[in-house]
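Printed here is work14.cif (mmCIF, C-alpha atoms and all ligand atoms):
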data_target
#
loop_
_atom_site.label_atom_id
_atom_site.label_comp_id
_atom_site.auth_asym_id
_atom_site.auth_seq_id
_atom_site.Cartn_x
_atom_site.Cartn_y
_atom_site.Cartn_z
CA MET A 1 0.00 0.00 0.00
CA LEU A 2 2.74 2.33 1.14
CA GLU A 3 4.69 1.39 -1.92
CA SER A 4 1.90 2.11 -4.37
CA ASN A 5 1.12 5.45 -2.72
CA ALA A 6 4.77 6.35 -2.89
CA LEU A 7 4.77 5.44 -6.55
CA LEU A 8 1.78 7.65 -7.27
CA GLU A 9 3.53 10.55 -5.58
CA SER A 10 6.71 10.04 -7.59
CA PRO A 11 7.14 13.13 -9.81
CA THR A 12 8.26 11.08 -12.85
CA VAL A 13 5.19 8.83 -12.75
CA ALA A 14 2.90 11.79 -12.20
CA ALA A 15 4.54 13.67 -15.07
CA LYS A 16 4.30 10.61 -17.35
CA ALA A 17 0.62 10.14 -16.51
CA ALA A 18 -0.09 13.79 -17.29
CA LEU A 19 1.59 13.72 -20.70
CA PRO A 20 -0.78 13.59 -23.67
CA PRO A 21 -0.18 10.60 -26.01
CA VAL A 22 2.52 11.25 -28.62
CA ARG A 23 1.09 11.39 -32.14
CA GLN A 24 2.83 8.96 -34.45
CA GLY A 25 3.22 9.46 -38.21
CA SER A 26 1.97 6.88 -40.64
CA ILE A 27 1.70 3.31 -39.32
CA ILE A 28 1.95 0.80 -42.16
CA ALA A 29 1.24 -2.92 -41.83
CA ILE A 30 2.98 -4.84 -44.59
CA ALA A 31 0.69 -7.81 -45.02
CA ASN A 32 -0.26 -10.71 -47.26
CA GLN A 33 -1.30 -14.09 -45.89
CA LYS A 34 0.52 -15.72 -48.78
CA GLY A 35 4.05 -16.76 -47.86
CA GLY A 36 7.25 -15.67 -49.60
CA VAL A 37 5.79 -12.79 -51.60
CA GLY A 38 8.31 -10.16 -50.48
CA LYS A 39 6.74 -8.71 -47.30
CA THR A 40 9.95 -8.75 -45.26
CA THR A 41 12.13 -7.64 -48.17
CA THR A 42 9.75 -4.73 -48.78
CA ALA A 43 9.59 -3.84 -45.07
CA ILE A 44 13.38 -3.76 -44.69
CA ASN A 45 14.17 -1.92 -47.91
CA LEU A 46 11.32 0.57 -47.85
CA ALA A 47 12.25 1.37 -44.25
CA THR A 48 15.90 1.82 -45.25
CA ALA A 49 15.08 4.00 -48.27
CA LEU A 50 12.88 6.26 -46.12
CA ALA A 51 15.52 6.40 -43.38
CA ALA A 52 18.04 7.48 -46.04
CA VAL A 53 16.04 10.67 -46.54
CA LYS A 54 16.09 11.22 -42.77
CA LYS A 55 12.59 10.03 -41.99
CA LYS A 56 12.57 8.55 -38.52
CA ILE A 57 11.49 4.93 -38.90
CA LEU A 58 10.54 2.12 -36.56
CA LEU A 59 10.36 -1.38 -38.03
CA ILE A 60 8.43 -3.88 -35.91
CA ASP A 61 9.07 -7.54 -36.66
CA MET A 62 5.72 -9.26 -36.00
CA ASP A 63 6.74 -12.55 -37.61
CA PRO A 64 7.97 -15.41 -35.38
CA GLN A 65 10.32 -16.38 -38.24
CA GLY A 66 12.23 -13.19 -37.34
CA ASN A 67 13.33 -12.57 -40.93
CA ALA A 68 13.22 -8.78 -40.65
CA SER A 69 15.44 -8.98 -37.56
CA THR A 70 17.91 -11.28 -39.37
CA GLY A 71 17.82 -9.16 -42.52
CA LEU A 72 18.81 -6.12 -40.49
CA GLY A 73 21.62 -8.00 -38.76
CA VAL A 74 20.07 -8.26 -35.27
CA ALA A 75 21.89 -11.09 -33.46
CA HIS A 76 19.69 -13.93 -32.07
CA ARG A 77 21.09 -13.55 -28.55
CA THR A 78 19.81 -9.95 -28.35
CA ARG A 79 16.25 -10.79 -29.39
CA GLN A 80 14.81 -12.11 -26.10
CA ASN A 81 13.17 -8.80 -25.34
CA GLY A 82 11.25 -8.34 -28.54
CA VAL A 83 7.70 -7.60 -29.55
CA TYR A 84 6.51 -10.76 -27.71
CA THR A 85 7.22 -9.25 -24.28
CA VAL A 86 5.33 -6.12 -25.30
CA LEU A 87 2.28 -8.08 -26.54
CA MET A 88 2.23 -10.06 -23.31
CA GLY A 89 2.29 -6.82 -21.29
CA GLU A 90 5.65 -7.60 -19.69
CA CYS A 91 7.28 -4.37 -20.78
CA GLY A 92 6.73 -1.17 -22.75
CA MET A 93 7.53 -0.68 -26.43
CA ASP A 94 10.23 1.88 -25.61
CA GLU A 95 12.12 -0.82 -23.66
CA VAL A 96 12.49 -3.15 -26.67
CA ILE A 97 13.43 -0.68 -29.38
CA SER A 98 17.03 -0.78 -30.52
CA PRO A 99 18.88 1.19 -33.15
CA SER A 100 19.79 -0.68 -36.33
CA GLN A 101 22.94 -0.29 -38.42
CA VAL A 102 20.98 2.18 -40.57
CA PRO A 103 20.85 5.73 -39.19
CA TYR A 104 17.26 6.87 -38.47
CA LEU A 105 16.01 3.25 -38.52
CA ASP A 106 15.10 1.57 -35.23
CA ILE A 107 13.86 -1.99 -34.85
CA VAL A 108 11.75 -4.06 -32.49
CA PRO A 109 12.96 -7.63 -33.09
CA ALA A 110 10.98 -10.87 -32.97
CA SER A 111 12.04 -13.81 -30.84
CA MET A 112 11.03 -17.47 -31.27
CA SER A 113 8.59 -17.10 -28.35
CA LEU A 114 6.43 -14.95 -30.60
CA SER A 115 5.23 -18.20 -32.21
CA GLY A 116 3.36 -18.92 -28.96
CA ALA A 117 1.73 -15.50 -28.83
CA GLU A 118 -1.21 -16.40 -31.11
CA LEU A 119 -2.32 -19.08 -28.64
CA GLU A 120 -1.35 -17.26 -25.47
CA LEU A 121 -3.26 -14.12 -26.42
CA VAL A 122 -6.53 -15.91 -27.23
CA SER A 123 -7.92 -15.70 -23.72
CA GLU A 124 -6.36 -12.31 -22.84
CA LYS A 125 -8.21 -9.02 -22.47
CA ARG A 126 -7.92 -6.58 -25.41
CA ARG A 127 -6.08 -9.27 -27.32
CA GLU A 128 -6.51 -7.46 -30.66
CA PHE A 129 -5.36 -4.11 -29.23
CA ARG A 130 -2.08 -5.14 -27.59
CA LEU A 131 0.18 -3.58 -30.21
CA ARG A 132 -1.99 -0.49 -30.63
CA ASP A 133 -2.07 0.13 -26.87
CA ALA A 134 1.71 -0.26 -26.66
CA LEU A 135 2.32 2.16 -29.54
CA GLN A 136 -0.02 4.71 -28.02
CA LYS A 137 2.16 4.77 -24.91
CA LEU A 138 5.37 5.30 -26.87
CA PRO A 139 6.89 8.51 -25.45
CA PHE A 140 8.53 9.61 -28.73
CA ALA A 141 7.35 9.87 -32.32
CA TYR A 142 8.36 8.27 -35.60
CA ASP A 143 7.56 9.52 -39.09
CA TYR A 144 6.79 5.95 -40.16
CA ILE A 145 6.19 2.77 -38.23
CA MET A 146 6.34 -0.33 -40.44
CA ILE A 147 5.05 -3.66 -39.24
CA ASP A 148 6.30 -6.79 -40.99
CA CYS A 149 3.45 -9.31 -40.69
CA PRO A 150 3.64 -13.12 -40.73
CA PRO A 151 2.12 -15.10 -43.63
CA ALA A 152 -1.25 -15.66 -41.93
CA LEU A 153 -4.32 -13.66 -40.97
CA GLY A 154 -4.18 -14.62 -37.29
CA LEU A 155 -3.95 -12.56 -34.12
CA LEU A 156 -0.48 -11.19 -34.90
CA THR A 157 -1.56 -9.73 -38.25
CA LEU A 158 -4.81 -8.58 -36.64
CA ASN A 159 -2.81 -6.71 -33.96
CA ALA A 160 -0.78 -5.07 -36.76
CA MET A 161 -3.93 -4.02 -38.64
CA VAL A 162 -5.60 -2.68 -35.51
CA ALA A 163 -2.49 -0.61 -34.71
CA ALA A 164 -1.96 0.64 -38.27
CA ASN A 165 -3.68 3.22 -40.42
CA ASN A 166 -2.38 1.78 -43.69
CA VAL A 167 -1.90 -1.65 -45.20
CA LEU A 168 0.68 -2.12 -47.92
CA VAL A 169 0.32 -5.40 -49.82
CA PRO A 170 3.30 -6.90 -51.65
CA LEU A 171 2.05 -9.11 -54.46
CA GLN A 172 4.30 -11.55 -56.25
CA CYS A 173 3.92 -11.49 -60.06
CA GLU A 174 2.83 -15.11 -60.43
CA PHE A 175 -0.23 -17.11 -61.35
CA TYR A 176 -1.72 -17.66 -57.86
CA ALA A 177 -1.03 -14.10 -56.70
CA LEU A 178 -4.60 -12.88 -57.10
CA GLU A 179 -6.26 -15.86 -55.43
CA GLY A 180 -5.87 -14.73 -51.85
CA LEU A 181 -6.05 -11.03 -52.57
CA SER A 182 -9.83 -10.64 -52.45
CA TYR A 183 -9.88 -12.40 -49.05
CA LEU A 184 -7.16 -10.04 -47.80
CA VAL A 185 -9.13 -6.99 -49.00
CA LYS A 186 -12.26 -8.33 -47.24
CA THR A 187 -10.25 -8.83 -44.07
CA ILE A 188 -8.98 -5.24 -44.18
CA ASP A 189 -12.61 -4.04 -44.60
CA ARG A 190 -13.77 -6.11 -41.65
CA VAL A 191 -10.96 -4.89 -39.40
CA GLN A 192 -11.86 -1.35 -40.41
CA GLN A 193 -15.54 -1.90 -39.54
CA ILE A 194 -15.02 -3.74 -36.28
CA PHE A 195 -11.80 -2.47 -34.73
CA ASN A 196 -10.11 0.37 -36.55
CA PRO A 197 -12.04 2.92 -38.65
CA THR A 198 -8.79 4.65 -39.68
CA LEU A 199 -7.44 1.57 -41.50
CA HIS A 200 -7.27 1.49 -45.27
CA LEU A 201 -5.52 -0.32 -48.07
CA GLN A 202 -2.73 2.11 -48.91
CA GLY A 203 -1.31 0.31 -51.89
CA ILE A 204 -0.22 -2.82 -53.68
CA VAL A 205 3.37 -3.31 -54.74
CA LEU A 206 4.27 -5.88 -57.39
CA THR A 207 7.33 -7.89 -56.45
CA MET A 208 9.70 -10.40 -58.07
CA SER A 209 8.67 -9.31 -61.53
CA ASP A 210 10.45 -10.66 -64.56
CA ALA A 211 9.86 -8.32 -67.51
CA ARG A 212 10.85 -11.06 -70.00
CA ASN A 213 8.19 -13.38 -68.67
CA ASN A 214 4.71 -13.19 -70.24
CA LEU A 215 3.04 -14.41 -67.07
CA SER A 216 4.63 -11.63 -65.00
CA ARG A 217 3.32 -9.05 -67.49
CA GLN A 218 -0.15 -10.65 -67.56
CA VAL A 219 -0.40 -10.62 -63.76
CA GLU A 220 0.70 -6.98 -63.68
CA GLU A 221 -1.96 -6.05 -66.27
CA ASP A 222 -4.72 -7.90 -64.39
CA VAL A 223 -3.81 -6.33 -61.05
CA ARG A 224 -3.62 -2.82 -62.54
CA ASP A 225 -6.96 -3.34 -64.34
CA HIS A 226 -8.63 -4.32 -61.14
CA PHE A 227 -6.99 -2.13 -58.50
CA LYS A 228 -6.15 0.89 -60.69
CA GLU A 229 -4.14 3.62 -58.95
CA LEU A 230 -3.84 1.57 -55.75
CA VAL A 231 -1.04 -0.31 -57.54
CA TYR A 232 2.33 1.42 -57.28
CA GLN A 233 4.00 2.34 -60.56
CA SER A 234 7.30 1.10 -59.11
CA VAL A 235 7.63 -2.62 -59.71
CA ILE A 236 10.26 -4.63 -57.83
CA PRO A 237 12.19 -6.85 -60.26
CA ARG A 238 13.44 -10.32 -59.44
CA ASN A 239 17.03 -9.51 -58.58
CA VAL A 240 19.76 -11.74 -57.23
CA LYS A 241 21.27 -9.00 -55.05
CA ILE A 242 17.95 -8.73 -53.18
CA SER A 243 18.07 -12.42 -52.32
CA GLU A 244 21.76 -12.29 -51.32
CA ALA A 245 21.52 -9.26 -49.02
CA PRO A 246 19.76 -10.93 -46.01
CA SER A 247 22.58 -13.47 -45.59
CA HIS A 248 24.90 -10.49 -45.06
CA GLY A 249 22.48 -9.02 -42.50
CA LYS A 250 22.04 -5.94 -44.66
CA PRO A 251 19.24 -4.25 -46.60
CA VAL A 252 19.97 -4.51 -50.34
CA ILE A 253 20.23 -0.73 -50.42
CA LEU A 254 23.37 -1.00 -48.26
CA TYR A 255 24.60 -4.26 -49.82
CA ASP A 256 24.57 -2.95 -53.40
CA THR A 257 23.16 0.56 -53.71
CA LYS A 258 23.26 0.60 -57.50
CA CYS A 259 21.60 -2.73 -58.34
CA ALA A 260 18.16 -2.83 -59.98
CA GLY A 261 16.54 -4.02 -56.74
CA SER A 262 17.88 -1.08 -54.72
CA LYS A 263 16.81 1.40 -57.39
CA ALA A 264 13.31 -0.09 -57.43
CA TYR A 265 12.91 0.19 -53.64
CA ILE A 266 14.23 3.77 -53.68
CA GLY A 267 11.66 4.52 -56.40
CA LEU A 268 8.94 2.91 -54.29
CA ALA A 269 9.88 5.06 -51.29
CA LYS A 270 9.70 8.23 -53.41
CA GLU A 271 6.26 7.22 -54.67
CA LEU A 272 5.06 6.45 -51.17
CA LEU A 273 6.20 9.88 -49.96
CA LYS A 274 4.32 11.52 -52.85
CA ARG A 275 1.18 9.54 -52.05
CA GLU A 276 1.36 10.62 -48.41
CA ILE A 277 1.68 14.30 -49.39
CA LYS A 278 -1.31 13.94 -51.74
CA ALA A 279 -3.39 12.14 -49.09
CA LYS A 280 -2.60 14.86 -46.50
CA ARG A 281 -3.54 17.59 -49.00
CA LEU A 282 -6.85 15.84 -49.74
CA ALA A 283 -7.56 15.39 -46.02
CA ARG A 284 -6.87 19.11 -45.40
CA GLY A 285 -9.15 20.03 -48.32
CA ALA A 286 -11.94 17.84 -46.96
CA ALA A 287 -11.66 19.36 -43.44
N1 LIG A 301 12.72 -9.01 -55.78
C1 LIG A 301 13.31 -10.13 -55.37
N2 LIG A 301 14.23 -10.76 -56.13
C2 LIG A 301 14.80 -11.92 -55.73
N3 LIG A 301 14.53 -12.51 -54.57
C3 LIG A 301 13.63 -11.93 -53.75
C4 LIG A 301 12.97 -10.72 -54.11
N4 LIG A 301 12.11 -10.37 -53.10
C5 LIG A 301 12.24 -11.32 -52.17
N5 LIG A 301 13.13 -12.26 -52.55
C6 LIG A 301 13.53 -13.49 -51.82
O1 LIG A 301 12.37 -14.30 -51.75
C7 LIG A 301 12.25 -14.90 -50.48
C8 LIG A 301 10.93 -14.48 -49.84
O2 LIG A 301 10.96 -13.07 -49.64
P1 LIG A 301 10.46 -12.44 -48.26
O3 LIG A 301 11.09 -13.14 -47.11
O4 LIG A 301 10.63 -10.97 -48.35
O5 LIG A 301 8.93 -12.82 -48.36
P2 LIG A 301 7.84 -12.81 -47.19
O6 LIG A 301 6.53 -12.51 -47.84
O7 LIG A 301 8.27 -11.92 -46.09
O8 LIG A 301 7.90 -14.32 -46.72
P3 LIG A 301 7.14 -14.93 -45.44
O9 LIG A 301 5.71 -15.01 -45.87
O10 LIG A 301 7.78 -16.26 -45.21
O11 LIG A 301 7.34 -13.97 -44.31
C9 LIG A 301 13.47 -14.46 -49.70
O12 LIG A 301 14.46 -15.44 -49.82
C10 LIG A 301 13.91 -13.17 -50.40
O13 LIG A 301 15.30 -12.93 -50.27
MG MG A 302 8.47 -12.35 -44.05
#
Please express the file's structure as structure tokens.
Amino acid sequence: MLESNALLESPTVAAKAALPPVRQGSIIAIANQKGGVGKTTTAINLATALAAVKKKILLIDMDPQGNASTGLGVAHRTRQNGVYTVLMGECGMDEVISPSQVPYLDIVPASMSLSGAELELVSEKRREFRLRDALQKLPFAYDYIMIDCPPALGLLTLNAMVAANNVLVPLQCEFYALEGLSYLVKTIDRVQQIFNPTLHLQGIVLTMSDARNNLSRQVEEDVRDHFKELVYQSVIPRNVKISEAPSHGKPVILYDTKCAGSKAYIGLAKELLKREIKAKRLARGAA
């Protein structure tokens, strides 16, 4: 009793409690329930390209596979205190953020224990809001928070979508690409209706494209026909440097700045910044 009273009287706690929540910039969930379509590659390289123009970025690895953490060179032994501990309410988001090798880019890594989170959260209170609640308590702001989602539409991806205001969907240029897309779009709509009215599909980025391949071109045409301007003009080519970079623990933009893959991700970042400016202008006009 004495202890809790003393705590309440502590000036730091009182000051913290009185602070209004810090407003974050854009929060982007990078999601597609289909595996191996370029979510993590897009998360790492888009984050790096935006950090290169001095945007302050936080990348949250919400995938138990921990590929974003590996791709940014975060050692396994330093991952115990990752997003899992935050989701389970064991610590605050600010306690698990670490700087990456890229200036302006911070990361919250994923540990293996995150694979248990889906089950462990099922019976918890506010299970869908864990990430959102934690981000709302973050005492400092980022221009962009990117969340690398696992290849499933379970509680981890749901937490990402409830915390985010945008979903960016990487879509591999291959025959089955469109099959799961309508289900993903429906899921985004349902999350928007039930949990998070600010959520919307921000864009679709075509990945692993091979311009010489007819199928790649056909998929691109179909997706553009259907989703129009939601589809980014920048297309990420299939590029060997992109697939080599993670084994060096580096974003491709650091591994080989001049390769076609790096150029494509830098182009994507420029386009995303333009879209954000346009969206803000429209929002101001509507207000
Ligand atoms: N444009 C590209 N060119 C060549 N290889 C690529 C490209 N994009 C991604 N890859 C490789 O394809 C594999 C899958 O990519 P990535 O891990 O980004 O997909 P993912 O959607 O995050 O997968 P998962 O669903 O398992 O999380 C990786 O080995 C990655 O290095
Ligand atoms: Mg991944």
- [ ] For CA of Arg284 in chain A and CA of Arg23 in chain A, determine how far apart the two atoms are, in Å to one decimal place.
- [x] 17.3 Å
TODO: For atom P3 of ligand LIG 301 (chain A) and CA of Phe175 in chain A, quote the distance in Å rounded to one decimal.
DONE: 17.7 Å
Contact table chain A vs ligand LIG 301 (chain A), cut-off 9 Å, shortest pair per residue, only C-alpha atoms and all ligand atoms, as a tab-separated table:
residue	atom	partner	partner_atom	distance
A:Ile30	CA	A:LIG301	O7	9.0
A:Ala31	CA	A:LIG301	O6	8.0
A:Asn32	CA	A:LIG301	O6	7.0
A:Gln33	CA	A:LIG301	O9	7.1
A:Lys34	CA	A:LIG301	O9	6.0
A:Gly35	CA	A:LIG301	O9	3.1
A:Gly36	CA	A:LIG301	O8	3.2
A:Val37	CA	A:LIG301	O6	3.8
A:Gly38	CA	A:LIG301	O4	3.3
A:Lys39	CA	A:LIG301	O7	3.8
A:Thr40	CA	A:LIG301	O7	3.7
A:Thr41	CA	A:LIG301	O4	3.7
A:Thr42	CA	A:LIG301	O4	6.3
A:Ala43	CA	A:LIG301	O4	7.9
A:Ile44	CA	A:LIG301	O4	8.5
A:Asp63	CA	A:LIG301	O11	6.9
A:Gln65	CA	A:LIG301	O11	7.2
A:Gly66	CA	A:LIG301	O11	8.5
A:Asn67	CA	A:LIG301	O3	6.6
A:Ala68	CA	A:LIG301	O7	8.0
A:Gly71	CA	A:LIG301	O13	9.0
A:Asp148	CA	A:LIG301	O7	7.5
A:Cys149	CA	A:LIG301	O11	7.1
A:Pro150	CA	A:LIG301	O11	5.2
A:Pro151	CA	A:LIG301	O9	4.2
A:Ala152	CA	A:LIG301	O9	8.0
A:Pro170	CA	A:LIG301	O6	7.5
A:Leu171	CA	A:LIG301	O6	8.7
A:Gln172	CA	A:LIG301	N4	8.5
A:Thr207	CA	A:LIG301	N1	5.5
A:Met208	CA	A:LIG301	N1	4.0
A:Ser209	CA	A:LIG301	N1	7.0
A:Ile236	CA	A:LIG301	N1	5.4
A:Pro237	CA	A:LIG301	N1	5.0
A:Arg238	CA	A:LIG301	N2	3.4
A:Asn239	CA	A:LIG301	N2	3.9
A:Val240	CA	A:LIG301	C2	5.2
A:Lys241	CA	A:LIG301	C2	7.1
A:Ile242	CA	A:LIG301	C2	5.2
A:Ser243	CA	A:LIG301	O13	3.5
A:Glu244	CA	A:LIG301	O13	6.6
A:Ala245	CA	A:LIG301	O13	7.3
A:Pro246	CA	A:LIG301	O13	6.5
A:Ser247	CA	A:LIG301	O13	8.7
A:Gly261	CA	A:LIG301	N1	6.4
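Distances from A:Thr78, A:Ser123, A:Gln136, A:Ser26 to Gly92 in chain A were compared using all atoms listed in the file, and the smallest one belongs to A:Gln136.
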- [ ] Would you mind listing what lies within 10 Å of Lys263 in chain A as a ChimeraX atom specification, with all atoms listed in the file counted and same-chain residues fewer than 5 positions away left out?
- [x] /A:49,234,236-237,252-253,256-258,268-269
Task: Between CA of Val53 in chain A and CA of Gly73 in chain A - distance in Å to one decimal - done: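 We find that CA of Gly73 in chain A and CA of Val53 in chain A lie 21.0 Å from each other.
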Where's the centre, and what are the edge lengths in Å to one decimal, of a box along x, y and z enclosing all listed atoms of range 124-138 of chain A padded 5 Å per side, as lines of an AutoDock Vina configuration file?
center_x = -1.4
center_y = -3.5
center_z = -26.6
size_x = 23.6
size_y = 27.6
size_z = 18.2
For the contact check between range 77-150 of chain A and range 154-169 of chain A, emit one row per residue of range 77-150 of chain A within 6 Å, containing the shortest atom pair and the distance in Å rounded to one decimal, counting only C-alpha atoms, chain then rising number order, as a Markdown table.
| residue | atom | partner | partner_atom | distance |
| --- | --- | --- | --- | --- |
| A:Glu118 | CA | A:Leu155 | CA | 5.6 |
| A:Glu128 | CA | A:Asn159 | CA | 5.0 |
| A:Phe129 | CA | A:Asn159 | CA | 6.0 |
| A:Leu131 | CA | A:Asn159 | CA | 5.7 |
| A:Arg132 | CA | A:Ala163 | CA | 4.1 |
| A:Cys149 | CA | A:Thr157 | CA | 5.6 |
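Nearest to Leu135 in chain A of all the residues A:Ile97, A:Ala287, A:Leu121, A:Leu114 is A:Ile97, counting only C-alpha atoms.
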Task: Residue nearest ligand MG 302 (chain A) among A:Ala286, A:Ile147, A:Val108, A:Ala264 (counting all atoms listed in the file) - done: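 Closest to ligand MG 302 (chain A), using all atoms listed in the file: A:Ile147.
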TODO: Point out the residue among A:Met62, A:Leu215, A:Ile28, A:Met93 with the least atom-to-atom distance to ligand MG 302 (chain A), counting only C-alpha atoms and all ligand atoms.
DONE: A:Met62
Open item on the list: When you count all atoms listed in the file, which of these residues is closest to ligand MG 302 (chain A): A:Pro20, A:Leu138, A:Tyr255, A:Asp61?
Closed with: A:Asp61
